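Text of input35.txt, listed as compact mmCIF, C-alpha atoms:
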```txt
# COMPACT_ATOMS: atom_id res chain seq x y z
CA MET A 1 -1.31 1.66 32.21
CA THR A 2 1.91 0.64 33.93
CA GLU A 3 4.30 -1.88 32.37
CA THR A 4 3.46 -4.43 35.08
CA THR A 5 -0.28 -4.05 34.49
CA ARG A 6 0.16 -4.37 30.75
CA ARG A 7 2.16 -7.55 31.11
CA GLN A 8 -0.37 -9.00 33.54
CA ALA A 9 -3.16 -8.23 31.08
CA LEU A 10 -1.19 -9.86 28.28
CA HIS A 11 -0.60 -12.91 30.41
CA ALA A 12 -4.31 -13.20 31.21
CA MET A 13 -5.30 -12.74 27.56
CA GLY A 14 -2.83 -15.37 26.49
CA TRP A 15 -3.94 -18.07 28.87
CA LEU A 16 -7.58 -17.32 28.14
CA GLY A 17 -6.92 -17.79 24.43
CA ALA A 18 -4.98 -20.95 25.07
CA SER A 19 -7.72 -22.43 27.21
CA LEU A 20 -10.31 -21.67 24.54
CA ALA A 21 -8.16 -23.26 21.88
CA LEU A 22 -7.44 -26.27 24.05
CA SER A 23 -11.15 -26.90 24.38
CA GLY A 24 -11.19 -27.71 20.67
CA CYS A 25 -8.02 -29.75 20.37
CA SER A 26 -5.05 -30.78 22.47
CA VAL A 27 -1.53 -29.41 22.21
CA PRO A 28 0.76 -32.26 21.07
CA ILE A 29 4.01 -30.62 22.20
CA THR A 30 5.63 -27.99 24.37
CA PRO A 31 5.60 -25.12 21.85
CA PHE A 32 8.71 -22.98 22.45
CA CYS A 33 11.10 -22.47 25.31
CA PRO A 34 10.00 -19.20 27.02
CA THR A 35 13.57 -18.44 28.12
CA ASP A 36 15.10 -18.77 24.66
CA PRO A 37 16.95 -15.45 24.22
CA THR A 38 16.60 -15.56 20.44
CA ILE A 39 12.81 -15.12 20.72
CA SER A 40 12.28 -13.76 24.25
CA ASP A 41 13.65 -10.75 26.12
CA PRO A 42 11.73 -9.51 29.19
CA LEU A 43 13.62 -6.21 29.07
CA ALA A 44 12.68 -5.36 25.48
CA PRO A 45 9.59 -3.26 24.63
CA LEU A 46 6.31 -5.15 24.74
CA THR A 47 5.49 -6.26 21.19
CA ILE A 48 2.17 -7.69 19.99
CA ASP A 49 1.38 -8.72 16.42
CA THR A 50 -2.37 -8.13 16.36
CA HIS A 51 -3.06 -9.55 12.91
CA ALA A 52 -1.28 -12.60 11.52
CA HIS A 53 -2.16 -15.74 9.58
CA VAL A 54 -0.55 -19.16 9.93
CA PHE A 55 -1.31 -21.69 7.22
CA ASN A 56 0.09 -24.02 4.61
CA GLY A 57 -1.15 -25.35 1.30
CA SER A 58 -3.82 -27.54 2.86
CA ASP A 59 -5.54 -24.43 4.27
CA LEU A 60 -5.20 -22.09 1.30
CA GLN A 61 -6.23 -21.96 -2.34
CA VAL A 62 -2.60 -21.51 -3.34
CA GLU A 63 -3.03 -21.14 -7.10
CA GLY A 64 -6.00 -18.78 -6.74
CA PHE A 65 -4.32 -16.71 -4.01
CA PHE A 66 -1.21 -16.39 -6.11
CA SER A 67 -2.83 -15.66 -9.48
CA ARG A 68 -5.62 -13.38 -8.27
CA ILE A 69 -3.79 -11.51 -5.51
CA LEU A 70 0.00 -11.80 -5.46
CA ALA A 71 0.62 -11.80 -9.22
CA VAL A 72 -2.01 -9.27 -10.31
CA ASN A 73 -0.43 -6.66 -12.62
CA GLU A 74 3.01 -8.21 -12.06
CA THR A 75 4.37 -9.24 -15.46
CA SER A 76 7.50 -10.86 -13.99
CA LEU A 77 5.28 -13.56 -12.49
CA SER A 78 3.40 -14.31 -15.69
CA GLY A 79 3.15 -18.05 -16.24
CA PHE A 80 3.56 -19.02 -12.59
CA GLY A 81 -0.13 -19.84 -12.35
CA ALA A 82 0.26 -22.54 -14.99
CA ILE A 83 2.95 -24.18 -12.88
CA LEU A 84 0.86 -24.04 -9.71
CA GLN A 85 -2.06 -25.64 -11.52
CA GLN A 86 0.17 -28.67 -12.10
CA LEU A 87 0.86 -29.20 -8.39
CA ALA A 88 -0.85 -32.16 -6.79
CA ARG A 89 -3.85 -31.27 -4.63
CA ASP A 90 -2.36 -32.93 -1.55
CA PHE A 91 1.18 -31.53 -1.65
CA ALA A 92 0.97 -29.92 1.82
CA PRO A 93 1.00 -31.87 5.11
CA THR A 94 -2.43 -32.13 6.69
CA ALA A 95 -3.40 -31.36 10.25
CA ALA A 96 -3.54 -35.05 11.13
CA GLU A 97 -0.04 -35.63 9.75
CA GLU A 98 1.35 -32.68 11.67
CA MET A 99 -0.33 -33.60 14.95
CA ALA A 100 1.07 -37.11 14.66
CA GLU A 101 4.60 -35.93 13.90
CA LEU A 102 5.12 -33.10 16.37
CA PRO A 103 5.17 -35.16 19.60
CA LYS A 104 8.41 -36.73 18.35
CA ILE A 105 10.28 -33.50 19.11
CA ASP A 106 8.53 -32.69 22.39
CA ALA A 107 11.45 -33.85 24.56
CA VAL A 108 13.86 -31.69 22.58
CA LEU A 109 11.68 -28.61 22.97
CA ARG A 110 11.27 -29.22 26.68
CA SER A 111 15.05 -29.30 27.09
CA CYS A 112 15.37 -25.65 26.00
CA GLU A 113 18.65 -26.56 24.28
CA GLN A 114 18.81 -24.09 21.40
CA ARG A 115 21.07 -26.22 19.22
CA LEU A 116 18.94 -29.34 19.64
CA THR A 117 15.78 -27.37 18.91
CA ALA A 118 17.30 -25.83 15.79
CA ASP A 119 18.39 -29.27 14.59
CA ALA A 120 14.95 -30.76 15.18
CA ILE A 121 13.17 -27.94 13.37
CA GLY A 122 15.82 -28.06 10.66
CA TYR A 123 14.87 -31.64 9.90
CA TYR A 124 11.30 -30.60 9.10
CA GLN A 125 12.44 -27.49 7.23
CA GLN A 126 14.60 -29.63 4.97
CA ALA A 127 11.87 -32.22 4.44
CA GLY A 128 9.30 -29.60 3.45
CA TYR A 129 11.75 -27.75 1.24
CA SER A 130 12.91 -30.94 -0.52
CA ARG A 131 9.35 -31.79 -1.36
CA ALA A 132 8.67 -28.25 -2.58
CA ALA A 133 11.75 -28.18 -4.84
CA ARG A 134 10.96 -31.61 -6.25
CA GLU A 135 7.29 -30.83 -6.91
CA LEU A 136 7.98 -27.39 -8.40
CA LYS A 137 10.47 -28.85 -10.87
CA ALA A 138 8.03 -31.60 -11.81
CA ALA A 139 5.18 -29.08 -12.19
CA LEU A 140 7.38 -26.90 -14.41
CA ARG A 141 8.04 -29.88 -16.69
CA ARG A 142 4.34 -30.73 -16.88
CA ALA A 143 3.34 -27.11 -17.56
CA SER A 144 5.96 -26.84 -20.29
CA THR A 145 4.82 -29.96 -22.14
CA SER A 146 1.06 -29.82 -21.55
CA ARG A 147 -0.87 -29.89 -24.82
CA LEU A 148 -4.08 -28.87 -23.16
CA ARG A 149 -2.93 -25.54 -21.75
CA ARG A 150 0.52 -24.35 -22.70
CA SER A 151 1.30 -20.92 -21.22
CA TYR A 152 4.29 -18.65 -21.55
CA ILE A 153 6.70 -19.18 -18.65
CA SER A 154 9.45 -16.60 -18.39
CA PRO A 155 13.13 -17.64 -18.49
CA GLU A 156 13.57 -16.13 -15.00
CA ILE A 157 10.91 -18.41 -13.54
CA ARG A 158 12.33 -21.44 -15.34
CA ASN A 159 15.90 -20.72 -14.27
CA GLN A 160 15.10 -20.12 -10.62
CA ILE A 161 12.99 -23.26 -10.26
CA GLN A 162 15.49 -25.42 -12.12
CA SER A 163 18.33 -23.97 -10.01
CA LEU A 164 16.77 -24.75 -6.63
CA PRO A 165 19.54 -26.46 -4.61
CA ASP A 166 19.12 -29.70 -2.70
CA SER A 167 19.90 -28.10 0.66
CA TYR A 168 17.48 -25.81 2.48
CA ALA A 169 20.44 -24.15 4.22
CA THR A 170 21.96 -23.32 0.84
CA TYR A 171 18.61 -22.01 -0.40
CA LYS A 172 18.38 -19.65 2.59
CA SER A 173 22.03 -18.58 2.48
CA SER A 174 23.06 -15.00 1.70
CA ARG A 175 25.26 -16.25 -1.12
CA PHE A 176 22.31 -17.85 -2.89
CA ARG A 177 20.14 -14.76 -2.30
CA ALA A 178 22.85 -12.54 -3.78
CA LEU A 179 22.11 -14.06 -7.20
CA ARG A 180 18.88 -12.04 -7.30
CA THR A 181 20.05 -8.88 -9.00
CA SER A 182 17.00 -7.49 -10.80
CA ARG A 183 13.49 -6.54 -9.81
CA ALA A 184 12.12 -9.47 -11.81
CA SER A 185 14.47 -11.95 -10.15
CA ILE A 186 13.56 -10.63 -6.70
CA ASN A 187 9.85 -10.95 -7.48
CA VAL A 188 10.23 -14.52 -8.72
CA ALA A 189 12.36 -15.45 -5.70
CA GLY A 190 9.67 -14.05 -3.39
CA ALA A 191 7.01 -16.07 -5.19
CA ILE A 192 9.04 -19.26 -4.80
CA GLU A 193 9.58 -18.47 -1.10
CA PHE A 194 5.81 -18.11 -0.66
CA ILE A 195 5.20 -21.47 -2.35
CA VAL A 196 7.90 -23.23 -0.33
CA ARG A 197 6.25 -22.10 2.91
CA ASN A 198 3.03 -23.76 1.82
CA PHE A 199 4.82 -27.13 1.77
CA GLN A 200 5.88 -26.77 5.42
CA PHE A 201 4.25 -27.70 8.70
CA ARG A 202 2.46 -24.71 10.20
CA TYR A 203 4.68 -25.10 13.26
CA VAL A 204 7.77 -24.59 11.09
CA ASN A 205 6.26 -21.40 9.65
CA VAL A 206 5.61 -20.05 13.16
CA TYR A 207 9.17 -20.93 14.16
CA GLU A 208 10.58 -19.09 11.14
CA TYR A 209 8.30 -16.13 11.83
CA LEU A 210 9.69 -15.85 15.36
CA ARG A 211 13.29 -16.07 14.21
CA GLU A 212 12.76 -13.56 11.42
CA TYR A 213 11.03 -10.90 13.51
CA SER A 214 13.18 -11.34 16.60
CA ARG A 215 16.49 -10.41 15.01
CA GLY A 216 16.37 -6.82 16.23
CA THR A 217 15.89 -5.34 19.68
CA ARG A 218 12.23 -6.35 19.87
CA LYS A 219 10.88 -9.86 20.44
CA VAL A 220 7.30 -10.86 19.61
CA ASP A 221 5.44 -11.38 22.91
CA LEU A 222 2.04 -12.26 21.52
CA LEU A 223 0.96 -13.41 18.10
CA VAL A 224 -2.78 -12.99 17.42
CA ALA A 225 -3.63 -15.23 14.48
CA HIS A 226 -6.82 -14.69 12.48
CA LEU A 227 -8.81 -17.18 10.47
CA VAL A 228 -9.52 -16.54 6.80
CA ASP A 229 -11.67 -18.39 4.28
CA PHE A 230 -10.80 -17.88 0.61
CA ASP A 231 -12.87 -20.76 -0.79
CA TRP A 232 -15.45 -18.47 -2.37
CA PRO A 233 -13.44 -15.44 -3.61
CA ILE A 234 -10.33 -17.18 -4.96
CA GLY A 235 -11.27 -20.84 -5.07
CA ASP A 236 -14.48 -20.49 -7.09
CA GLY A 237 -16.27 -22.31 -4.32
CA GLN A 238 -13.86 -25.25 -4.32
CA SER A 239 -12.87 -26.31 -0.80
CA THR A 240 -9.28 -26.67 0.34
CA ILE A 241 -7.97 -30.09 1.29
CA GLN A 242 -8.09 -29.17 4.97
CA SER A 243 -11.67 -27.86 4.99
CA LYS A 244 -12.91 -31.20 3.63
CA ARG A 245 -11.47 -33.21 6.51
CA PRO A 246 -12.84 -33.83 10.01
CA ASP A 247 -9.66 -32.46 11.59
CA GLN A 248 -10.23 -29.02 10.06
CA SER A 249 -10.64 -27.47 13.53
CA TYR A 250 -6.88 -27.84 13.83
CA GLY A 251 -6.50 -25.09 11.27
CA ALA A 252 -8.63 -22.87 13.47
CA HIS A 253 -6.90 -23.56 16.77
CA PHE A 254 -3.32 -24.19 15.80
CA PRO A 255 -2.26 -20.54 15.32
CA ALA A 256 -4.11 -19.39 18.44
CA ILE A 257 -2.34 -21.94 20.65
CA TRP A 258 1.12 -20.91 19.59
CA GLY A 259 0.15 -17.27 19.56
CA THR A 260 -1.02 -17.27 23.15
CA ARG A 261 0.70 -20.05 24.98
CA SER A 262 4.20 -20.03 23.56
CA LEU A 263 4.93 -16.38 22.90
CA LEU A 264 4.30 -15.02 26.39
CA ARG A 265 7.29 -13.94 28.35
CA PRO A 266 7.67 -15.25 31.90
CA LEU A 267 6.43 -12.53 34.25
```

In structure tokens, how does this file's structure come out?
Amino acid sequence: MTETTRRQALHAMGWLGASLALSGCSVPITPFCPTDPTISDPLAPLTIDTHAHVFNGSDLQVEGFFSRILAVNETSLSGFGAILQQLARDFAPTAAEEMAELPKIDAVLRSCEQRLTADAIGYYQQAGYSRAARELKAALRRASTSRLRRSYISPEIRNQIQSLPDSYATYKSSRFRALRTSRASINVAGAIEFIVRNFQFRYVNVYEYLREYSRGTRKVDLLVAHLVDFDWPIGDGQSTIQSKRPDQSYGAHFPAIWGTRSLLRPL
């Protein structure tokens, strides 16, 4: 198959997926600027991520996913489950909240001004991170003083949560990351990073995905997001916040829209 044919097929697949998704819900914003060189390069090799998931804590059984999958046989993460059990059930923004908020930055995204876009997304990154840092510290205090279920929480976990800075930029900086010097500290830092992402809008997580995986010579042209339901295996049958609400279709269509409409290069 020639490069032109492949790109035409990708374009057709993308718009088909977008149209199917749009039949279930409307897109509140212009997703990403297709000419942004930080995430798009027509001359780079065609790159498709065929299996991805986009979610936050309203879609996922966070404590169950962490304790039964991420932390299995990992002693450095022992005690993290007790902290997650202390998090409020509604810590993550819902679909309705996100759909209502995103149109506020539509004009900025349409402008294709990279600095303005970064500033707008940065506002939501900071808001989600601030809430995550605040709630994790509060959950650590509750887990440490709970008389009902007091679990061992390692000094590494305590120190890293208590040391979370106020600024998201500082948290993501190389200087802050350099403090992780041991395998245990790296594992704990990764666990905190996973939890922080669950406090963010899904749109912010897609944005960070694009930035992270577009640093090299390749740029992601198409992101194919898959649905997953962990209510039974890791939630003991308990539904997530999102699956109990009438706007739950947003969780189904949101990744597909960004994965097909926004990540296509102009042909």

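Distances here use all atoms listed in the file; by that measure, the residue among A:Leu77, A:Ala100, A:Ala95, A:Cys112 closest to A:Thr30 is A:Cys112.
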
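Nearest residue to A:Gly57, choosing from A:Asn159, A:Val108, A:Phe91, A:Thr170 and counting only C-alpha atoms: A:Phe91.
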
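Using only C-alpha atoms, the nearest neighbour of A:Ala92 within the list A:Gln125, A:Ser67, A:Asn56, A:Ser163 is A:Asn56.
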
Between A:Gln85, A:Ser144, A:Gln200, A:Ser40, smallest distance to A:Gln126 by all atoms listed in the file belongs to A:Gln200

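Note that atom CA of A:Ala82 and atom CA of A:Ile157 are 11.5 Å apart.
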
query = Which polymer residues, protein or nucleic acid, are no farther than 10 Å from (8.5, -28.2, -3.9), counting only C-alpha atoms, as a ChimeraX atom specification?
reply = /A:87,91-92,127-139,161,164,192,195-200

List as a ChimeraX atom specification the residues having at least one atom at most 10 Å from position (-2.0, -7.2, 15.4) as given in the file, counting all atoms listed in the file. /A:47-52,222-226

Store the residues of this selection in a file with C-alpha atoms, as a CSV table (one decimal), in the frame of the given file.
```csv
chain,number,residue,atom,x,y,z
A,47,THR,CA,5.5,-6.3,21.2
A,48,ILE,CA,2.2,-7.7,20.0
A,49,ASP,CA,1.4,-8.7,16.4
A,50,THR,CA,-2.4,-8.1,16.4
A,51,HIS,CA,-3.1,-9.6,12.9
A,52,ALA,CA,-1.3,-12.6,11.5
A,222,LEU,CA,2.0,-12.3,21.5
A,223,LEU,CA,1.0,-13.4,18.1
A,224,VAL,CA,-2.8,-13.0,17.4
A,225,ALA,CA,-3.6,-15.2,14.5
A,226,HIS,CA,-6.8,-14.7,12.5
```

Within 10 Å of A:Glu101, counting all atoms listed in the file, which residues show up once you throw out same-chain ones fewer than 5 positions away? Write them as a PDB file with C-alpha atoms, keeping the file's coordinate frame, please.
```pdb
ATOM      1  CA  PRO A  28       0.760 -32.260  21.070  1.00  0.00           C
ATOM      2  CA  ILE A  29       4.010 -30.620  22.200  1.00  0.00           C
ATOM      3  CA  ALA A  95      -3.400 -31.360  10.250  1.00  0.00           C
ATOM      4  CA  ALA A  96      -3.540 -35.050  11.130  1.00  0.00           C
ATOM      5  CA  ASP A 106       8.530 -32.690  22.390  1.00  0.00           C
ATOM      6  CA  TYR A 124      11.300 -30.600   9.100  1.00  0.00           C
ATOM      7  CA  PHE A 201       4.250 -27.700   8.700  1.00  0.00           C
TER       8      PHE A 201
END
```

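Using all atoms listed in the file, the smallest distance between any of A:Val54, A:Ile153, A:Val220, A:Ile105 and A:Asp119 comes from A:Ile105.
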
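Of the residues under consideration (A:Tyr207, A:Asp221, A:Val228, A:Asp90), A:Asp221 shows the shortest atom-to-atom contact distance to A:Leu43 when counting all atoms listed in the file.
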
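Note that atom CA of A:Val62 and atom CA of A:Ala184 are 20.8 Å apart.
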
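Atom pair atom CA of A:Glu63 / atom CA of A:Lys172: separated by 23.5 Å.
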